[in-house]
Structures are given as C-alpha cells and as structure tokens.
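Dumped protein10.pdb below, it's PDB, C-alpha atoms:
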ATOM      1  CA  MET A  35       0.000   0.000   0.000
ATOM      2  CA  ALA A  36       1.258   3.462  -0.894
ATOM      3  CA  GLN A  37       2.487   5.530   2.040
ATOM      4  CA  LYS A  38       1.802   9.240   2.122
ATOM      5  CA  THR A  39       4.692  11.485   2.975
ATOM      6  CA  LYS A  40       4.660  14.672   4.995
ATOM      7  CA  ASP A  41       4.111  17.956   3.223
ATOM      8  CA  PRO A  42       7.446  18.701   1.451
ATOM      9  CA  GLY A  43       6.776  22.437   1.563
ATOM     10  CA  PHE A  44       4.105  22.931  -1.087
ATOM     11  CA  GLY A  45       1.061  22.993   1.216
ATOM     12  CA  TYR A  46      -1.885  20.624   1.351
ATOM     13  CA  ASN A  47      -4.594  23.071   0.282
ATOM     14  CA  SER A  48      -5.472  23.203  -3.382
ATOM     15  CA  LYS A  49      -8.311  23.639  -5.825
ATOM     16  CA  LYS A  50      -9.361  22.155  -9.107
ATOM     17  CA  ASN A  51      -6.928  22.990 -11.942
ATOM     18  CA  ALA A  52      -4.525  24.690  -9.520
ATOM     19  CA  GLN A  53      -1.202  25.692 -11.057
ATOM     20  CA  SER A  54       1.954  23.929  -9.937
ATOM     21  CA  VAL A  55       4.005  25.832  -7.346
ATOM     22  CA  ILE A  56       7.174  24.846  -9.235
ATOM     23  CA  ASN A  57       7.624  25.536 -12.949
ATOM     24  CA  ASP A  58       8.938  22.877 -15.304
ATOM     25  CA  ASP A  59      12.406  24.451 -15.192
ATOM     26  CA  GLY A  60      12.486  24.360 -11.393
ATOM     27  CA  SER A  61      11.800  28.059 -10.810
ATOM     28  CA  SER A  62       9.156  29.189  -8.341
ATOM     29  CA  ASN A  63       5.615  29.750  -9.600
ATOM     30  CA  VAL A  64       4.443  31.549  -6.458
ATOM     31  CA  ASN A  65       3.208  35.149  -6.679
ATOM     32  CA  HIS A  66       4.364  37.091  -3.613
ATOM     33  CA  ILE A  67       2.304  40.022  -2.341
ATOM     34  CA  ASN A  68       3.071  42.473   0.478
ATOM     35  CA  ARG A  69       6.638  41.180   0.540
ATOM     36  CA  LYS A  70       9.012  43.465   2.386
ATOM     37  CA  ARG A  71      12.151  44.369   0.459
ATOM     38  CA  ASN A  72      15.444  45.737   1.715
ATOM     39  CA  VAL A  73      18.884  46.544   0.368
ATOM     40  CA  ASN A  74      20.141  43.052   1.289
ATOM     41  CA  ASP A  75      17.916  41.633  -1.470
ATOM     42  CA  LEU A  76      19.888  43.468  -4.178
ATOM     43  CA  TYR A  77      22.687  40.909  -4.290
ATOM     44  CA  THR A  78      20.289  37.983  -4.733
ATOM     45  CA  TYR A  79      18.295  39.949  -7.313
ATOM     46  CA  PHE A  80      21.307  40.773  -9.502
ATOM     47  CA  ILE A  81      22.717  37.256  -9.176
ATOM     48  CA  ASP A  82      19.499  35.548 -10.271
ATOM     49  CA  ILE A  83      18.252  37.736 -13.147
ATOM     50  CA  SER A  84      19.085  36.823 -16.740
ATOM     51  CA  TRP A  85      22.303  38.040 -18.376
ATOM     52  CA  LEU A  86      20.338  40.118 -20.896
ATOM     53  CA  TYR A  87      18.374  41.870 -18.159
ATOM     54  CA  PHE A  88      21.543  42.330 -16.073
ATOM     55  CA  PHE A  89      23.432  44.148 -18.833
ATOM     56  CA  ALA A  90      20.318  46.106 -19.843
ATOM     57  CA  LEU A  91      20.077  47.465 -16.285
ATOM     58  CA  ILE A  92      23.787  48.373 -16.278
ATOM     59  CA  ILE A  93      23.486  50.267 -19.590
ATOM     60  CA  LEU A  94      20.312  52.006 -18.406
ATOM     61  CA  ALA A  95      21.883  53.059 -15.085
ATOM     62  CA  TYR A  96      25.087  54.211 -16.815
ATOM     63  CA  THR A  97      23.137  56.300 -19.363
ATOM     64  CA  LEU A  98      20.839  57.766 -16.705
ATOM     65  CA  LEU A  99      23.766  58.833 -14.495
ATOM     66  CA  ASN A 100      25.467  60.565 -17.407
ATOM     67  CA  VAL A 101      22.239  62.316 -18.397
ATOM     68  CA  ILE A 102      21.740  63.588 -14.831
ATOM     69  CA  PHE A 103      25.300  64.876 -14.495
ATOM     70  CA  GLY A 104      25.261  66.239 -18.059
ATOM     71  CA  ILE A 105      22.212  68.348 -17.199
ATOM     72  CA  LEU A 106      23.889  69.348 -13.942
ATOM     73  CA  TYR A 107      26.976  70.643 -15.766
ATOM     74  CA  VAL A 108      24.761  72.668 -18.114
ATOM     75  CA  ALA A 109      22.789  74.024 -15.133
ATOM     76  CA  ILE A 110      25.900  75.399 -13.367
ATOM     77  CA  GLY A 111      27.179  76.814 -16.659
ATOM     78  CA  ILE A 112      28.875  74.782 -19.344
ATOM     79  CA  GLU A 113      31.685  77.341 -19.367
ATOM     80  CA  GLU A 114      32.780  75.733 -16.072
ATOM     81  CA  ILE A 115      34.157  72.814 -18.154
ATOM     82  CA  THR A 116      34.385  74.002 -21.798
ATOM     83  CA  LYS A 117      33.370  76.769 -24.195
ATOM     84  CA  PRO A 118      29.600  77.117 -24.811
ATOM     85  CA  LYS A 119      28.391  75.936 -28.234
ATOM     86  CA  GLY A 120      25.369  78.223 -28.384
ATOM     87  CA  THR A 121      22.564  75.635 -28.105
ATOM     88  CA  PHE A 122      21.314  73.655 -25.118
ATOM     89  CA  PHE A 123      21.612  70.320 -26.945
ATOM     90  CA  GLN A 124      25.246  70.845 -27.951
ATOM     91  CA  ASP A 125      26.124  72.055 -24.461
ATOM     92  CA  PHE A 126      24.306  69.039 -23.003
ATOM     93  CA  LEU A 127      26.302  66.680 -25.236
ATOM     94  CA  ASN A 128      29.540  68.224 -23.975
ATOM     95  CA  GLY A 129      28.320  67.805 -20.413
ATOM     96  CA  PHE A 130      27.187  64.234 -21.115
ATOM     97  CA  PHE A 131      30.517  63.138 -22.615
ATOM     98  CA  PHE A 132      32.509  64.902 -19.905
ATOM     99  CA  SER A 133      30.352  63.040 -17.366
ATOM    100  CA  ALA A 134      31.139  59.727 -19.103
ATOM    101  CA  GLN A 135      34.882  60.487 -18.946
ATOM    102  CA  THR A 136      34.629  61.418 -15.258
ATOM    103  CA  LEU A 137      32.419  58.461 -14.308
ATOM    104  CA  THR A 138      34.806  55.979 -15.923
ATOM    105  CA  THR A 139      37.907  57.944 -14.799
ATOM    106  CA  VAL A 140      39.144  57.960 -18.419
ATOM    107  CA  GLY A 141      39.858  61.717 -18.621
ATOM    108  CA  TYR A 142      40.902  62.386 -22.229
ATOM    109  CA  GLY A 143      41.994  65.912 -21.323
ATOM    110  CA  GLY A 144      39.990  67.759 -23.990
ATOM    111  CA  ILE A 145      37.463  68.903 -21.394
ATOM    112  CA  ALA A 146      38.342  69.659 -17.789
ATOM    113  CA  PRO A 147      36.564  71.340 -14.867
ATOM    114  CA  LYS A 148      37.665  74.938 -14.280
ATOM    115  CA  GLY A 149      35.403  76.389 -11.615
ATOM    116  CA  ILE A 150      35.182  75.263  -7.991
ATOM    117  CA  THR A 151      31.559  74.099  -8.433
ATOM    118  CA  ALA A 152      32.404  71.942 -11.457
ATOM    119  CA  ASN A 153      35.379  70.439  -9.596
ATOM    120  CA  PHE A 154      33.193  69.514  -6.619
ATOM    121  CA  ILE A 155      30.610  67.856  -8.889
ATOM    122  CA  ALA A 156      33.306  66.028 -10.877
ATOM    123  CA  ALA A 157      34.973  64.768  -7.677
ATOM    124  CA  PHE A 158      31.649  63.494  -6.370
ATOM    125  CA  GLU A 159      30.846  61.849  -9.711
ATOM    126  CA  ALA A 160      34.253  60.144  -9.813
ATOM    127  CA  MET A 161      33.534  58.638  -6.392
ATOM    128  CA  ILE A 162      30.153  57.366  -7.626
ATOM    129  CA  GLY A 163      31.887  55.880 -10.688
ATOM    130  CA  LEU A 164      34.446  54.003  -8.596
ATOM    131  CA  LEU A 165      31.760  52.614  -6.280
ATOM    132  CA  SER A 166      29.478  51.679  -9.184
ATOM    133  CA  PHE A 167      32.110  49.796 -11.151
ATOM    134  CA  SER A 168      33.277  48.032  -7.990
ATOM    135  CA  PHE A 169      29.677  46.937  -7.430
ATOM    136  CA  ILE A 170      29.301  45.755 -11.034
ATOM    137  CA  THR A 171      32.622  43.861 -10.870
ATOM    138  CA  GLY A 172      31.463  42.111  -7.698
ATOM    139  CA  MET A 173      28.158  41.182  -9.340
ATOM    140  CA  LEU A 174      29.941  39.814 -12.413
ATOM    141  CA  TYR A 175      32.220  37.685 -10.246
ATOM    142  CA  GLY A 176      29.255  36.494  -8.189
ATOM    143  CA  ARG A 177      27.311  35.503 -11.296
ATOM    144  CA  PHE A 178      30.253  33.612 -12.818
ATOM    145  CA  SER A 179      31.357  31.937  -9.594
ATOM    146  CA  LYS A 180      27.904  30.917  -8.328
ATOM    147  CA  PRO A 181      27.758  27.098  -8.299
ATOM    148  CA  LYS A 182      25.072  25.968 -10.714
ATOM    149  CA  ALA A 183      23.958  22.610 -11.986
ATOM    150  CA  ASN A 184      23.442  22.474 -15.714
ATOM    151  CA  LEU A 185      21.148  19.514 -16.230
ATOM    152  CA  ARG A 186      18.699  18.996 -19.048
ATOM    153  CA  PHE A 187      15.543  17.017 -18.394
ATOM    154  CA  SER A 188      13.505  15.323 -21.089
ATOM    155  CA  GLU A 189      10.488  17.312 -22.169
ATOM    156  CA  ASN A 190       8.362  14.183 -21.891
ATOM    157  CA  LEU A 191       7.230  12.070 -18.987
ATOM    158  CA  ILE A 192       6.333   8.603 -20.277
ATOM    159  CA  LEU A 193       4.208   5.703 -19.040
ATOM    160  CA  ARG A 194       5.014   2.314 -20.563
ATOM    161  CA  ASP A 195       5.136  -1.402 -19.907
ATOM    162  CA  PHE A 196       8.281  -2.400 -18.044
ATOM    163  CA  LYS A 197       9.362  -5.812 -16.734
ATOM    164  CA  GLY A 198       5.836  -7.208 -16.834
ATOM    165  CA  LYS A 199       4.430  -4.147 -15.018
ATOM    166  CA  GLN A 200       4.061  -0.481 -15.813
ATOM    167  CA  ALA A 201       6.501   2.308 -15.075
ATOM    168  CA  ILE A 202       6.775   6.069 -15.244
ATOM    169  CA  MET A 203      10.044   7.366 -16.671
ATOM    170  CA  PHE A 204      11.915  10.520 -17.594
ATOM    171  CA  ARG A 205      15.503  11.167 -18.638
ATOM    172  CA  LEU A 206      18.193  13.662 -17.748
ATOM    173  CA  MET A 207      21.685  14.511 -18.905
ATOM    174  CA  ASN A 208      24.499  16.846 -17.976
ATOM    175  CA  SER A 209      24.815  19.720 -20.468
ATOM    176  CA  ARG A 210      28.464  20.144 -19.534
ATOM    177  CA  LYS A 211      31.284  17.788 -20.549
ATOM    178  CA  THR A 212      32.212  17.201 -16.916
ATOM    179  CA  VAL A 213      31.217  13.924 -15.251
ATOM    180  CA  MET A 214      28.444  14.060 -12.647
ATOM    181  CA  ILE A 215      29.879  12.460  -9.504
ATOM    182  CA  GLU A 216      27.532  10.570  -7.158
ATOM    183  CA  PRO A 217      24.261  12.044  -8.462
ATOM    184  CA  GLU A 218      21.324  11.440  -6.127
ATOM    185  CA  ILE A 219      17.698  12.102  -6.977
ATOM    186  CA  THR A 220      14.466  12.417  -4.997
ATOM    187  CA  VAL A 221      11.082  12.359  -6.742
ATOM    188  CA  THR A 222       7.891  13.428  -4.984
ATOM    189  CA  LEU A 223       4.449  12.829  -6.468
ATOM    190  CA  SER A 224       1.694  15.337  -5.732
ATOM    191  CA  ILE A 225      -1.898  14.316  -6.475
ATOM    192  CA  THR A 226      -4.764  16.782  -6.038
ATOM    193  CA  GLU A 227      -7.931  14.942  -5.034
ATOM    194  CA  GLU A 228     -11.380  15.902  -3.813
ATOM    195  CA  ASN A 229     -12.230  14.644  -0.318
ATOM    196  CA  LYS A 230     -15.610  13.880   1.260
ATOM    197  CA  LYS A 231     -16.049  17.559   2.189
ATOM    198  CA  LYS A 232     -15.773  18.550  -1.471
ATOM    199  CA  GLU A 233     -12.424  20.186  -0.722
ATOM    200  CA  PHE A 234      -9.391  19.724  -2.939
ATOM    201  CA  LYS A 235      -6.319  18.532  -1.068
ATOM    202  CA  ARG A 236      -2.829  17.648  -2.163
ATOM    203  CA  ASN A 237      -1.514  14.236  -1.186
ATOM    204  CA  PHE A 238       2.239  13.677  -1.378
ATOM    205  CA  TYR A 239       4.155  10.463  -1.985
ATOM    206  CA  GLN A 240       7.889   9.942  -2.256
ATOM    207  CA  LEU A 241       8.294   7.597  -5.173
ATOM    208  CA  LYS A 242      10.455   4.525  -4.946
ATOM    209  CA  LEU A 243      12.879   4.556  -7.862
ATOM    210  CA  GLU A 244      14.694   1.747  -9.634
ATOM    211  CA  ARG A 245      17.863   3.693  -8.782
ATOM    212  CA  SER A 246      17.986   6.866  -6.739
ATOM    213  CA  LYS A 247      21.782   7.161  -6.635
ATOM    214  CA  ILE A 248      24.646   6.119  -8.892
ATOM    215  CA  MET A 249      28.445   6.480  -8.747
ATOM    216  CA  TYR A 250      28.858   8.828 -11.697
ATOM    217  CA  LEU A 251      27.061   9.839 -14.884
ATOM    218  CA  PRO A 252      28.904  10.626 -18.138
ATOM    219  CA  THR A 253      25.888  10.216 -20.483
ATOM    220  CA  ILE A 254      22.134   9.858 -19.842
ATOM    221  CA  TRP A 255      20.213   8.637 -16.805
ATOM    222  CA  THR A 256      16.699   7.257 -17.191
ATOM    223  CA  ILE A 257      14.745   7.613 -13.943
ATOM    224  CA  VAL A 258      12.259   4.767 -13.486
ATOM    225  CA  HIS A 259       9.403   4.344 -11.009
ATOM    226  CA  GLU A 260       7.803   0.903 -11.235
ATOM    227  CA  ILE A 261       4.054   0.925 -10.590
ATOM    228  CA  ASP A 262       3.699  -2.039  -8.264
ATOM    229  CA  GLU A 263       1.315  -2.690  -5.363
ATOM    230  CA  ASN A 264       3.268  -0.225  -3.203
ATOM    231  CA  SER A 265       2.996   2.581  -5.723
ATOM    232  CA  PRO A 266       0.412   5.378  -5.202
ATOM    233  CA  LEU A 267      -0.468   4.995  -8.902
ATOM    234  CA  TYR A 268      -1.231   1.268  -8.658
ATOM    235  CA  LYS A 269      -5.016   1.753  -8.332
ATOM    236  CA  TYR A 270      -5.262   3.803 -11.523
ATOM    237  CA  SER A 271      -5.471   2.718 -15.150
ATOM    238  CA  LYS A 272      -3.254   4.282 -17.812
ATOM    239  CA  ASP A 273      -5.967   6.684 -18.933
ATOM    240  CA  GLN A 274      -6.780   7.622 -15.335
ATOM    241  CA  ILE A 275      -3.108   8.376 -14.645
ATOM    242  CA  LYS A 276      -3.002  10.595 -17.722
ATOM    243  CA  ASN A 277      -6.002  12.581 -16.437
ATOM    244  CA  LEU A 278      -4.818  12.959 -12.855
ATOM    245  CA  GLU A 279      -4.269  16.427 -11.373
ATOM    246  CA  ALA A 280      -0.740  15.395 -10.536
ATOM    247  CA  HIS A 281       2.819  16.695 -10.630
ATOM    248  CA  LEU A 282       6.262  15.241 -10.122
ATOM    249  CA  TYR A 283       8.710  17.377  -8.138
ATOM    250  CA  ILE A 284      12.340  16.442  -8.647
ATOM    251  CA  LEU A 285      15.396  17.374  -6.619
ATOM    252  CA  ILE A 286      18.806  16.183  -7.776
ATOM    253  CA  ASN A 287      22.219  16.886  -6.311
ATOM    254  CA  TYR A 288      25.699  15.828  -7.333
ATOM    255  CA  HIS A 289      29.339  16.844  -6.979
ATOM    256  CA  GLU A 290      30.281  19.272  -9.743
ATOM    257  CA  GLU A 291      33.938  19.145 -10.778
ATOM    258  CA  SER A 292      33.897  22.726 -12.107
ATOM    259  CA  PHE A 293      33.067  24.189  -8.677
ATOM    260  CA  SER A 294      34.473  21.364  -6.510
ATOM    261  CA  GLN A 295      31.276  21.215  -4.468
ATOM    262  CA  LYS A 296      27.755  19.834  -4.504
ATOM    263  CA  VAL A 297      25.176  21.531  -6.694
ATOM    264  CA  TYR A 298      21.407  21.166  -6.770
ATOM    265  CA  GLN A 299      18.718  21.450  -9.411
ATOM    266  CA  ILE A 300      14.935  21.327  -9.212
ATOM    267  CA  ASN A 301      12.536  20.300 -11.945
ATOM    268  CA  SER A 302       8.892  19.337 -12.252
ATOM    269  CA  TYR A 303       6.529  17.519 -14.591
ATOM    270  CA  ASP A 304       2.805  17.959 -15.102
ATOM    271  CA  PHE A 305       0.895  14.781 -15.925
ATOM    272  CA  GLU A 306      -0.662  16.636 -18.853
ATOM    273  CA  ASP A 307       2.707  16.085 -20.561
ATOM    274  CA  LEU A 308       2.529  12.314 -20.001
ATOM    275  CA  LEU A 309       3.015  10.132 -23.078
ATOM    276  CA  ILE A 310       1.629   6.588 -23.019
ATOM    277  CA  ASP A 311       3.040   3.430 -24.601
ATOM    278  CA  VAL A 312       6.175   5.000 -26.049
ATOM    279  CA  LYS A 313       9.846   4.483 -25.232
ATOM    280  CA  TYR A 314      12.887   6.690 -25.420
ATOM    281  CA  THR A 315      15.162   6.258 -28.409
ATOM    282  CA  SER A 316      18.851   5.732 -27.802
ATOM    283  CA  ALA A 317      20.748   9.017 -27.555
ATOM    284  CA  SER A 318      24.233   7.507 -27.447
ATOM    285  CA  SER A 319      26.181   5.543 -30.019
ATOM    286  CA  PHE A 320      29.766   4.720 -31.009
ATOM    287  CA  ASP A 321      31.754   6.351 -33.784
ATOM    288  CA  VAL A 322      34.126   4.512 -36.131
ATOM    289  CA  GLU A 323      36.984   4.868 -33.642
ATOM    290  CA  GLY A 324      34.941   3.384 -30.814
ATOM    291  CA  TYR A 325      34.306   6.625 -28.898
ATOM    292  CA  THR A 326      30.902   7.183 -27.276
ATOM    293  CA  VAL A 327      28.864   9.889 -29.032
ATOM    294  CA  LEU A 328      26.061  11.567 -27.084
ATOM    295  CA  ASP A 329      23.365  13.344 -29.124
ATOM    296  CA  HIS A 330      21.776  16.059 -26.967
ATOM    297  CA  ASP A 331      18.959  16.574 -29.478
ATOM    298  CA  LYS A 332      17.686  13.043 -28.795
ATOM    299  CA  LEU A 333      17.156  13.485 -25.054
ATOM    300  CA  SER A 334      13.355  13.760 -25.451
ATOM    301  CA  GLU A 335      12.972  11.688 -28.598
ATOM    302  CA  THR A 336      10.489   8.807 -28.311
ATOM    303  CA  GLU A 337       9.126   6.033 -30.481
ATOM    304  CA  LYS A 338       6.137   3.714 -30.307
ATOM    305  CA  MET A 339       6.569   0.519 -28.311
TER     306      MET A 339
END
Written as structure tokens, how would this file's structure read?
Amino acid sequence: MAQKTKDPGFGYNSKKNAQSVINDDGSSNVNHINRKRNVNDLYTYFIDISWLYFFALIILAYTLLNVIFGILYVAIGIEEITKPKGTFFQDFLNGFFFSAQTLTTVGYGGIAPKGITANFIAAFEAMIGLLSFSFITGMLYGRFSKPKANLRFSENLILRDFKGKQAIMFRLMNSRKTVMIEPEITVTLSITEENKKKEFKRNFYQLKLERSKIMYLPTIWTIVHEIDENSPLYKYSKDQIKNLEAHLYILINYHEESFSQKVYQINSYDFEDLLIDVKYTSASSFDVEGYTVLDHDKLSETEKM
C-alpha cells in the first residue's frame, strides 16, 4: 500500500486545476504580495536575473547617471568645463561626454573642470563611478562563480510497460562535458484529489525509484518508477493516470567538478505532458573509432513501443 509522505513544503490546500508551485524548469511559480524588500535583497536579485536583463540594467543606469550629471553641468554653466556651443543640446552633449569620462575615470583631457563648483561635482561623480564599477565587478564575479547545476531534463514524462508491469520514466543529462559524480535524486508525487467535504487537497508520496543514486554519470540517466502494489499509482489505469491532477517534483544533487562542491537542481513535470506506450530512443552511439557519441537533441525523442 502506498504511504503518504509529509508535506514537502508545497502545502496541502489546493483547488481544481490549480497551477503547480514549481515551474517545469524548477523556478518558483508563487506570486508574492506584500513582501518586504530591503537593500540586502539586491545581491540575490542581480545574481538571479538573466544576463540580458543584467546588462540592460547596467546600460540604463550608466546612461541615466550621465544624463543627470550632463544636465547638472549645463545648469551650473557649461563654461565651467568648456566653451559654450550656443545651443542647449550641444552644451548638453559636452556635459554628457565629460560626465562619461569622469564616471569611468578615463579623462581624455579635452574637457576639464575649471570652476570650484564643477570640480566639486566632478569629484563626487568620480567617487560614484568608482563605487558603481566596484559593485558591477562584484556582481559579475558572483554571477560567474555561483555554483550551478546544468542539467537537461527530457520534455516528456512517459508511461510504458516495463518488466511485466508499468513504469513512469523521464531522462536527464548533464549539459556540460564534466562527469556528474555521485548524483542522487528524490522524486515526490503530488496528487490533487477531492475529499468527502468537497475540498481539494494535495496528497504527497515519495516515489520509490529503480535507482535513486549512482556512482557517476557521463551520459544519460533514465529515472524509473515501477508501478507495483506499493505505488500510489497502482489503483489507476493508464488513462486515469493521464487525467490525474498530478505533478512530479524532482530534486537532484551531485558533486560538480567545475566548482568542486555539490550543486542542486529542481525540476517538475505535469501529468498533462505524459506520453503513453512509447519508449525513449537511444541518444548515445559509437563512432568509427569506438568513442561514445552523445546526441543532446535526442534526449526527449520517443518512439512507439
């Protein structure tokens, strides 16, 4: 008989057609409201955002600072740094480019502060530039040095006959060329069911796997849960399993050679993505010299049984 497990952190309450709290890529699908923010959150924010968004924010902040100081130099009198050009736009451009030279501490020498006010502003701006670029350098190092797993999971979750029974399977591989050392995986099944009070509740089960830990993984690992009499899915037919309000939540950890420490990755599957009576095609083969060739494009490829 299947044994329920304690709530793994997702909560028991639910409703019909409730969204998963974990996205397929392992990111959170929870909308936070009334969350208090403070300056300590900045580091986590800049570490976790995408590279495109990170550099877009840097360019935006850099441009905005130069615009502000460019206007400031025009406001105190552009003659404090160079000869006036006669129009506000041309004077602003001179102020903008002088601000860029000061902010980056380049100092080409063509424009220089002459008055005491301009010197004070330039000194203050140079300090802001040094602090800003130190901050950006720290963020870049943090983003590059943050230990991250780089696993790819198959897009499909499959249900097929296996050793005279049925089994649910999915595959994963390491996107890097390094070898995964001692990978260990935990798979939790969440089923949303209606109880006698007409309330929808989540029931959680930790699935027993054919293998939950191996020594190392250079190619592909197929994760298999056999549906036997101890499985929470044993009482359902194939079509019923396909139509369940159910999710798989996956946590895998392994020792990553690149960072010399353990890394973790989360993933999830919705049973709407379940394919029935198919099997995975082989993603590895041997070349003419006998070397193993791993085709990453075949990770999710299936064929009829």
Next on the checklist: Please compute the atom CA of A:Val297-atom CA of A:Val213 distance, one decimal, in Å.
Outcome noted: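 Value for the atom CA of A:Val297-atom CA of A:Val213 distance: 12.9 Å.
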Next on the checklist: Selection in question (the file shown): the PyMOL selection byres ((chain A and resi 273) around 12). Which residues does it include, as a PyMOL selection string?
Outcome noted: chain A and resi 193-194+267+269-272+274-278+305-306+308-311
May I have a table of the residues of stretch 154-266 of chain A lying at most 10 Å from stretch 93-109 of chain A, giving each one's closest pair of atoms and their distance in Å to one decimal, counting only C-alpha atoms, ordered by chain and ascending residue number, as JSON lines?
{"residue": "A:Ile155", "atom": "CA", "partner": "A:Tyr107", "partner_atom": "CA", "distance": 8.3}
{"residue": "A:Ala156", "atom": "CA", "partner": "A:Phe103", "partner_atom": "CA", "distance": 8.9}
{"residue": "A:Glu159", "atom": "CA", "partner": "A:Phe103", "partner_atom": "CA", "distance": 7.9}
{"residue": "A:Ile162", "atom": "CA", "partner": "A:Leu99", "partner_atom": "CA", "distance": 9.5}
{"residue": "A:Gly163", "atom": "CA", "partner": "A:Tyr96", "partner_atom": "CA", "distance": 9.3}
{"residue": "A:Ser166", "atom": "CA", "partner": "A:Tyr96", "partner_atom": "CA", "distance": 9.2}
Store the residues picked out above, limited to C-alpha atoms, as an mmCIF file, keeping the file's coordinate frame.
data_model
loop_
_atom_site.group_PDB
_atom_site.id
_atom_site.type_symbol
_atom_site.label_atom_id
_atom_site.label_comp_id
_atom_site.auth_asym_id
_atom_site.auth_seq_id
_atom_site.Cartn_x
_atom_site.Cartn_y
_atom_site.Cartn_z
ATOM 1 C CA ILE A 155 30.610 67.856 -8.889
ATOM 2 C CA ALA A 156 33.306 66.028 -10.877
ATOM 3 C CA GLU A 159 30.846 61.849 -9.711
ATOM 4 C CA ILE A 162 30.153 57.366 -7.626
ATOM 5 C CA GLY A 163 31.887 55.880 -10.688
ATOM 6 C CA SER A 166 29.478 51.679 -9.184
#
Checklist entry - Got a sec to resolve the PyMOL selection byres ((chain A and resi 262) around 12) on this structure and send the residues as a list in words? => result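 For this structure, the PyMOL selection byres ((chain A and resi 262) around 12) resolves to Met35, Ala36, Asp195, Phe196, Lys197, Gly198, Lys199, Gln200, Ala201, Ile202, Leu241, Lys242, Leu243, Glu244, His259, Glu260, Ile261, Glu263, Asn264, Ser265, Pro266, Leu267, Tyr268, Lys269 and Tyr270 of chain A.
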Next on the checklist: Between A:Ala146, A:Leu206, A:Leu282, A:Ala160, which residue has the minimum interatomic distance to A:Leu185, considering all atoms listed in the file?
Outcome noted: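 For A:Leu185, the nearest of the given residues is A:Leu206.
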Item to check | Explicit residues for the PyMOL selection byres ((chain A and resi 210) around 12) (as number ranges by chain) | outcome: A: 182-186, 207-209, 211-214, 251-253, 290-292, 328, 330
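Taking atom CA of A:Lys117 and atom CA of A:Ala152 as endpoints, the distance between them is 13.7 Å.
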Item to check | Between atom CA of A:Ile254 and atom CA of A:His281 - distance in Å to one decimal | outcome: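 Taking atom CA of A:His281 and atom CA of A:Ile254, their separation equals 22.5 Å.
Residues of protein, DNA or RNA having at least one counted atom within 12 Å of (14.8, 4.8, -28.7), given only C-alpha atoms, are Arg205, Thr256, Val312, Lys313, Tyr314, Thr315, Ser316, Ala317, Ser318, Ser319, Lys332, Leu333, Ser334, Glu335, Thr336, Glu337, Lys338 and Met339 of chain A.
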